file query_5.json (JSON, C-alpha atoms)
[["chain", "number", "residue", "atom", "x", "y", "z"],
["A", 22, "MET", "CA", -36.42, 30.40, -110.76],
["A", 23, "THR", "CA", -34.36, 30.81, -107.63],
["A", 24, "ARG", "CA", -30.72, 31.78, -107.29],
["A", 25, "PHE", "CA", -28.48, 29.42, -105.32],
["A", 26, "MET", "CA", -24.95, 29.56, -103.92],
["A", 27, "ASP", "CA", -23.36, 26.20, -103.26],
["A", 28, "VAL", "CA", -20.02, 25.37, -101.67],
["A", 29, "HIS", "CA", -17.63, 22.45, -102.24],
["A", 30, "HIS", "CA", -14.91, 21.66, -99.72],
["A", 31, "GLY", "CA", -11.86, 19.41, -100.09],
["A", 32, "MET", "CA", -10.90, 20.67, -103.58],
["A", 33, "GLN", "CA", -7.29, 21.49, -102.64],
["A", 34, "GLY", "CA", -5.06, 21.99, -105.67],
["A", 35, "ILE", "CA", -7.90, 22.53, -108.16],
["A", 36, "THR", "CA", -6.59, 24.16, -111.36],
["A", 37, "ALA", "CA", -8.17, 26.71, -113.67],
["A", 38, "GLN", "CA", -8.50, 23.96, -116.27],
["A", 39, "GLN", "CA", -10.32, 21.61, -113.87],
["A", 40, "LEU", "CA", -12.70, 24.40, -112.84],
["A", 41, "GLN", "CA", -13.42, 25.12, -116.51],
["A", 42, "GLN", "CA", -13.92, 21.41, -117.27],
["A", 43, "GLY", "CA", -16.39, 21.12, -114.37],
["A", 44, "HIS", "CA", -18.27, 24.14, -115.66],
["A", 45, "ASP", "CA", -18.38, 22.73, -119.21],
["A", 46, "ALA", "CA", -19.54, 19.30, -117.98],
["A", 47, "THR", "CA", -22.44, 20.74, -115.98],
["A", 48, "ALA", "CA", -23.34, 22.99, -118.94],
["A", 49, "ALA", "CA", -24.07, 19.81, -120.92],
["A", 50, "VAL", "CA", -26.88, 18.77, -118.53],
["A", 51, "GLU", "CA", -28.16, 22.26, -117.61],
["A", 52, "ALA", "CA", -31.04, 22.26, -120.07],
["A", 53, "GLU", "CA", -32.42, 18.94, -118.84],
["A", 54, "GLU", "CA", -32.40, 20.06, -115.21],
["A", 55, "GLY", "CA", -33.51, 23.64, -115.93],
["A", 56, "VAL", "CA", -30.41, 24.91, -114.12],
["A", 57, "HIS", "CA", -27.95, 27.56, -115.26],
["A", 58, "PHE", "CA", -24.52, 27.95, -113.65],
["A", 59, "GLU", "CA", -23.60, 31.63, -113.80],
["A", 60, "HIS", "CA", -20.18, 31.69, -112.13],
["A", 61, "ALA", "CA", -17.79, 29.68, -109.99],
["A", 62, "TRP", "CA", -14.89, 30.86, -107.83],
["A", 63, "ALA", "CA", -12.18, 28.61, -106.45],
["A", 64, "ASP", "CA", -9.52, 28.79, -103.75],
["A", 65, "PRO", "CA", -7.03, 25.98, -104.48],
["A", 66, "GLU", "CA", -5.25, 26.57, -101.16],
["A", 67, "SER", "CA", -8.20, 25.92, -98.83],
["A", 68, "GLY", "CA", -9.90, 23.68, -101.39],
["A", 69, "THR", "CA", -13.11, 25.74, -101.46],
["A", 70, "VAL", "CA", -15.29, 26.22, -104.57],
["A", 71, "TYR", "CA", -18.34, 28.50, -104.69],
["A", 72, "CYS", "CA", -20.91, 28.09, -107.50],
["A", 73, "LEU", "CA", -23.64, 30.62, -108.30],
["A", 74, "SER", "CA", -26.60, 29.20, -110.20],
["A", 75, "GLU", "CA", -30.24, 29.69, -111.06],
["A", 76, "GLY", "CA", -32.68, 26.80, -111.04],
["A", 77, "PRO", "CA", -36.07, 25.49, -110.00],
["A", 78, "SER", "CA", -34.86, 23.85, -106.74],
["A", 79, "ALA", "CA", -31.81, 22.97, -104.66],
["A", 80, "ASP", "CA", -32.32, 19.33, -105.70],
["A", 81, "ALA", "CA", -32.11, 20.26, -109.39],
["A", 82, "VAL", "CA", -28.83, 22.12, -108.73],
["A", 83, "LYS", "CA", -27.45, 19.08, -106.87],
["A", 84, "ARG", "CA", -28.51, 16.73, -109.68],
["A", 85, "ALA", "CA", -26.88, 18.95, -112.31],
["A", 86, "HIS", "CA", -23.61, 18.81, -110.33],
["A", 87, "GLU", "CA", -23.86, 15.05, -109.89],
["A", 88, "ARG", "CA", -24.75, 14.28, -113.51],
["A", 89, "GLY", "CA", -22.05, 16.66, -114.76],
["A", 90, "GLY", "CA", -19.46, 14.79, -112.69],
["A", 91, "GLY", "CA", -18.72, 17.86, -110.58],
["A", 92, "GLY", "CA", -19.39, 16.18, -107.25],
["A", 93, "VAL", "CA", -22.30, 16.99, -104.95],
["A", 94, "PRO", "CA", -21.81, 20.30, -103.11],
["A", 95, "ASP", "CA", -21.34, 20.18, -99.34],
["A", 96, "GLU", "CA", -23.65, 23.15, -98.78],
["A", 97, "ILE", "CA", -26.33, 24.80, -100.85],
["A", 98, "HIS", "CA", -28.38, 27.88, -99.98],
["A", 99, "SER", "CA", -31.00, 29.80, -101.89],
["A", 100, "VAL", "CA", -29.86, 33.44, -102.02],
["A", 101, "PRO", "CA", -32.97, 35.48, -102.82],
["A", 102, "LEU", "CA", -31.26, 38.77, -101.86],
["A", 103, "THR", "CA", -28.56, 40.27, -104.08],
["A", 104, "VAL", "CA", -26.72, 43.57, -104.19],
["B", 29, "MET", "CA", -5.35, 43.01, -106.56],
["B", 30, "THR", "CA", -6.82, 39.72, -105.44],
["B", 31, "ARG", "CA", -10.43, 38.56, -105.53],
["B", 32, "PHE", "CA", -11.94, 37.37, -102.25],
["B", 33, "MET", "CA", -15.13, 35.57, -101.21],
["B", 34, "ASP", "CA", -16.13, 36.04, -97.59],
["B", 35, "VAL", "CA", -18.96, 34.47, -95.65],
["B", 36, "HIS", "CA", -21.02, 35.79, -92.73],
["B", 37, "HIS", "CA", -23.10, 33.44, -90.61],
["B", 38, "GLY", "CA", -25.86, 34.22, -88.09],
["B", 39, "MET", "CA", -27.61, 36.82, -90.29],
["B", 40, "GLN", "CA", -31.05, 35.20, -90.04],
["B", 41, "GLY", "CA", -33.85, 37.50, -91.15],
["B", 42, "ILE", "CA", -31.63, 39.93, -93.05],
["B", 43, "THR", "CA", -33.71, 42.09, -95.41],
["B", 44, "ALA", "CA", -32.93, 43.44, -98.88],
["B", 45, "GLN", "CA", -32.77, 46.92, -97.32],
["B", 46, "GLN", "CA", -30.23, 45.83, -94.67],
["B", 47, "LEU", "CA", -28.07, 44.13, -97.30],
["B", 48, "GLN", "CA", -28.15, 47.31, -99.40],
["B", 49, "GLN", "CA", -27.33, 49.48, -96.36],
["B", 50, "GLY", "CA", -24.35, 47.24, -95.54],
["B", 51, "HIS", "CA", -23.15, 47.52, -99.11],
["B", 52, "ASP", "CA", -23.52, 51.32, -99.09],
["B", 53, "ALA", "CA", -21.73, 51.64, -95.73],
["B", 54, "THR", "CA", -18.71, 49.64, -96.88],
["B", 55, "ALA", "CA", -18.69, 51.60, -100.15],
["B", 56, "ALA", "CA", -17.94, 54.70, -98.09],
["B", 57, "VAL", "CA", -14.62, 53.29, -96.83],
["B", 58, "GLU", "CA", -13.65, 51.29, -99.93],
["B", 59, "ALA", "CA", -11.31, 53.92, -101.36],
["B", 60, "GLU", "CA", -9.30, 54.24, -98.14],
["B", 61, "GLU", "CA", -8.78, 50.46, -97.89],
["B", 62, "GLY", "CA", -8.30, 49.92, -101.62],
["B", 63, "VAL", "CA", -11.15, 47.39, -101.56],
["B", 64, "HIS", "CA", -14.09, 47.11, -103.94],
["B", 65, "PHE", "CA", -17.17, 45.05, -103.08],
["B", 66, "GLU", "CA", -18.56, 43.67, -106.33],
["B", 67, "HIS", "CA", -21.59, 41.68, -105.17],
["B", 68, "ALA", "CA", -23.26, 40.18, -102.12],
["B", 69, "TRP", "CA", -25.82, 37.38, -101.89],
["B", 70, "ALA", "CA", -27.92, 36.62, -98.81],
["B", 71, "ASP", "CA", -30.02, 33.72, -97.55],
["B", 72, "PRO", "CA", -32.22, 35.14, -94.74],
["B", 73, "GLU", "CA", -33.41, 31.66, -93.78],
["B", 74, "SER", "CA", -30.01, 30.13, -92.92],
["B", 75, "GLY", "CA", -28.55, 33.55, -92.10],
["B", 76, "THR", "CA", -25.70, 33.25, -94.61],
["B", 77, "VAL", "CA", -24.23, 36.20, -96.55],
["B", 78, "TYR", "CA", -21.57, 35.83, -99.28],
["B", 79, "CYS", "CA", -19.55, 38.90, -100.37],
["B", 80, "LEU", "CA", -17.36, 39.02, -103.48],
["B", 81, "SER", "CA", -14.66, 41.68, -103.41],
["B", 82, "GLU", "CA", -11.33, 42.75, -104.84],
["B", 83, "GLY", "CA", -8.60, 44.13, -102.65],
["B", 84, "PRO", "CA", -4.92, 44.11, -101.72],
["B", 85, "SER", "CA", -5.28, 41.59, -98.85],
["B", 86, "ALA", "CA", -7.75, 39.63, -96.72],
["B", 87, "ASP", "CA", -6.98, 42.02, -93.85],
["B", 88, "ALA", "CA", -8.00, 45.02, -95.97],
["B", 89, "VAL", "CA", -11.31, 43.29, -96.82],
["B", 90, "LYS", "CA", -11.90, 42.56, -93.12],
["B", 91, "ARG", "CA", -11.10, 46.17, -92.15],
["B", 92, "ALA", "CA", -13.48, 47.52, -94.81],
["B", 93, "HIS", "CA", -16.26, 45.35, -93.36],
["B", 94, "GLU", "CA", -15.47, 46.39, -89.81],
["B", 95, "ARG", "CA", -15.17, 50.12, -90.54],
["B", 96, "GLY", "CA", -18.34, 50.02, -92.65],
["B", 97, "GLY", "CA", -20.24, 48.50, -89.72],
["B", 98, "GLY", "CA", -20.96, 45.31, -91.64],
["B", 99, "GLY", "CA", -19.46, 42.97, -89.07],
["B", 100, "VAL", "CA", -16.29, 40.93, -89.55],
["B", 101, "PRO", "CA", -16.85, 37.94, -91.85],
["B", 102, "ASP", "CA", -16.58, 34.46, -90.32],
["B", 103, "GLU", "CA", -14.61, 33.12, -93.28],
["B", 104, "ILE", "CA", -12.59, 34.75, -96.03],
["B", 105, "HIS", "CA", -10.83, 33.04, -98.93],
["B", 106, "SER", "CA", -8.90, 34.40, -101.87],
["B", 107, "VAL", "CA", -10.49, 33.00, -105.04],
["B", 108, "PRO", "CA", -7.87, 33.36, -107.78],
["B", 109, "LEU", "CA", -9.77, 31.01, -110.14],
["B", 110, "THR", "CA", -13.01, 32.13, -111.78],
["B", 111, "VAL", "CA", -15.24, 30.75, -114.49]]

call {"tool": "encode", "arguments": {"input": "query_5.json", "output": "structure tokens"}}
result
Amino acid sequence: MTRFMDVHHGMQGITAQQLQQGHDATAAVEAEEGVHFEHAWADPESGTVYCLSEGPSADAVKRAHERGGGGVPDEIHSVPLTV
Amino acid sequence: MTRFMDVHHGMQGITAQQLQQGHDATAAVEAEEGVHFEHAWADPESGTVYCLSEGPSADAVKRAHERGGGGVPDEIHSVPLTV
């Protein structure tokens, strides 16, 4: 399992409820993709959302987003180093 | 206190030891700036580092990076929403 950070742009005005709904929707397909979303942080002003996940591949993380209706992230990076 | 996510680019080849040293160096000036760095995640391949912090302002987070020798982040966003 690898840890990933992905970034969504263009999410101006996102609410706490919408962020929670996106998290819940992806949770429903996590098991099938072998992906777990740990956290997400959102800046409604700039429209930026960061998602921290663990999964077998960047493609699996993208699919989990897509199938959960959360939109495909604009960037995704494996982040093997953590402090 | 506000939560911030900042991003550093151009950090290709960063090692776990360098990430830890950066974290320790900023920890030394945290109290003076009123900033606390919670976590950092690094992708040595693309050279991207994400830092999650809490502080009174984006300027305080930037100063803590600068004074700690960690380099000024390329992007910084307040992230009031979390899941």

call {"tool": "closest_atom_pairs", "arguments": {"input": "query_5.json", "of": "chain A", "to": "chain B", "cutoff": "12 Å", "atoms": "all atoms listed in the file", "output": "JSON lines"}}
result
{"residue": "A:Thr23", "atom": "CA", "partner": "B:Asp71", "partner_atom": "CA", "distance": 11.4}
{"residue": "A:Arg24", "atom": "CA", "partner": "B:Trp69", "partner_atom": "CA", "distance": 9.2}
{"residue": "A:Phe25", "atom": "CA", "partner": "B:Asp71", "partner_atom": "CA", "distance": 9.0}
{"residue": "A:Met26", "atom": "CA", "partner": "B:Trp69", "partner_atom": "CA", "distance": 8.1}
{"residue": "A:Asp27", "atom": "CA", "partner": "B:Tyr78", "partner_atom": "CA", "distance": 10.6}
{"residue": "A:Val28", "atom": "CA", "partner": "B:Tyr78", "partner_atom": "CA", "distance": 10.8}
{"residue": "A:Gly34", "atom": "CA", "partner": "B:Leu109", "partner_atom": "CA", "distance": 11.1}
{"residue": "A:Ile35", "atom": "CA", "partner": "B:Leu109", "partner_atom": "CA", "distance": 8.9}
{"residue": "A:Thr36", "atom": "CA", "partner": "B:Leu109", "partner_atom": "CA", "distance": 7.7}
{"residue": "A:Ala37", "atom": "CA", "partner": "B:Leu109", "partner_atom": "CA", "distance": 5.8}
{"residue": "A:Gln38", "atom": "CA", "partner": "B:Leu109", "partner_atom": "CA", "distance": 9.4}
{"residue": "A:Gln39", "atom": "CA", "partner": "B:Leu109", "partner_atom": "CA", "distance": 10.1}
{"residue": "A:Leu40", "atom": "CA", "partner": "B:Val111", "partner_atom": "CA", "distance": 7.0}
{"residue": "A:Gln41", "atom": "CA", "partner": "B:Val111", "partner_atom": "CA", "distance": 6.3}
{"residue": "A:Gln42", "atom": "CA", "partner": "B:Val111", "partner_atom": "CA", "distance": 9.8}
{"residue": "A:Gly43", "atom": "CA", "partner": "B:Val111", "partner_atom": "CA", "distance": 9.7}
{"residue": "A:His44", "atom": "CA", "partner": "B:Val111", "partner_atom": "CA", "distance": 7.4}
{"residue": "A:Asp45", "atom": "CA", "partner": "B:Val111", "partner_atom": "CA", "distance": 9.8}
{"residue": "A:Phe58", "atom": "CA", "partner": "B:Val111", "partner_atom": "CA", "distance": 9.7}
{"residue": "A:Glu59", "atom": "CA", "partner": "B:Val111", "partner_atom": "CA", "distance": 8.4}
{"residue": "A:His60", "atom": "CA", "partner": "B:Val111", "partner_atom": "CA", "distance": 5.6}
{"residue": "A:Ala61", "atom": "CA", "partner": "B:Val111", "partner_atom": "CA", "distance": 5.3}
{"residue": "A:Trp62", "atom": "CA", "partner": "B:Thr110", "partner_atom": "CA", "distance": 4.6}
{"residue": "A:Ala63", "atom": "CA", "partner": "B:Val107", "partner_atom": "CA", "distance": 4.9}
{"residue": "A:Asp64", "atom": "CA", "partner": "B:Val107", "partner_atom": "CA", "distance": 4.5}
{"residue": "A:Pro65", "atom": "CA", "partner": "B:Val107", "partner_atom": "CA", "distance": 7.8}
{"residue": "A:Glu66", "atom": "CA", "partner": "B:Ser106", "partner_atom": "CA", "distance": 8.7}
{"residue": "A:Ser67", "atom": "CA", "partner": "B:His105", "partner_atom": "CA", "distance": 7.6}
{"residue": "A:Gly68", "atom": "CA", "partner": "B:His105", "partner_atom": "CA", "distance": 9.7}
{"residue": "A:Thr69", "atom": "CA", "partner": "B:His105", "partner_atom": "CA", "distance": 8.1}
{"residue": "A:Val70", "atom": "CA", "partner": "B:Val107", "partner_atom": "CA", "distance": 8.3}
{"residue": "A:Tyr71", "atom": "CA", "partner": "B:Met33", "partner_atom": "CA", "distance": 8.5}
{"residue": "A:Cys72", "atom": "CA", "partner": "B:Val111", "partner_atom": "CA", "distance": 9.4}
{"residue": "A:Leu73", "atom": "CA", "partner": "B:Trp69", "partner_atom": "CA", "distance": 9.6}
{"residue": "A:Ser74", "atom": "CA", "partner": "B:Trp69", "partner_atom": "CA", "distance": 11.7}
{"residue": "A:Glu96", "atom": "CA", "partner": "B:Ser74", "partner_atom": "CA", "distance": 11.1}
{"residue": "A:Ile97", "atom": "CA", "partner": "B:Asp71", "partner_atom": "CA", "distance": 10.2}
{"residue": "A:His98", "atom": "CA", "partner": "B:Asp71", "partner_atom": "CA", "distance": 6.5}
{"residue": "A:Ser99", "atom": "CA", "partner": "B:Asp71", "partner_atom": "CA", "distance": 5.9}
{"residue": "A:Val100", "atom": "CA", "partner": "B:Asp71", "partner_atom": "CA", "distance": 4.5}
{"residue": "A:Pro101", "atom": "CA", "partner": "B:Asp71", "partner_atom": "CA", "distance": 6.3}
{"residue": "A:Leu102", "atom": "CA", "partner": "B:Ala70", "partner_atom": "CA", "distance": 5.0}
{"residue": "A:Thr103", "atom": "CA", "partner": "B:Trp69", "partner_atom": "CA", "distance": 4.5}
{"residue": "A:Val104", "atom": "CA", "partner": "B:Ala68", "partner_atom": "CA", "distance": 5.3}

call {"tool": "atom_distance", "arguments": {"input": "query_5.json", "atom1": "atom CA of A:Val82", "atom2": "atom CA of B:Pro101"}}
result
26.1 Å

call {"tool": "atom_distance", "arguments": {"input": "query_5.json", "atom1": "atom CA of A:Met22", "atom2": "atom CA of A:Ala81"}}
result
11.1 Å

call {"tool": "closest_residue", "arguments": {"input": "query_5.json", "among": "A:Ala46, A:Val56, A:Gly91, A:Gly31", "to": "A:Ala79", "atoms": "all atoms listed in the file"}}
result
A:Val56

call {"tool": "residues_around", "arguments": {"input": "query_5.json", "residues": "A:Gly89", "least_positions_apart": "2", "cutoff": "7 Å", "atoms": "all atoms listed in the file", "output": "list in words"}}
result
Ala46, Thr47, Val50, Ala85, His86, Glu87 and Gly91 of chain A

call {"tool": "atom_distance", "arguments": {"input": "query_5.json", "atom1": "atom CA of A:Gly76", "atom2": "atom CA of A:Glu54"}}
result
7.9 Å
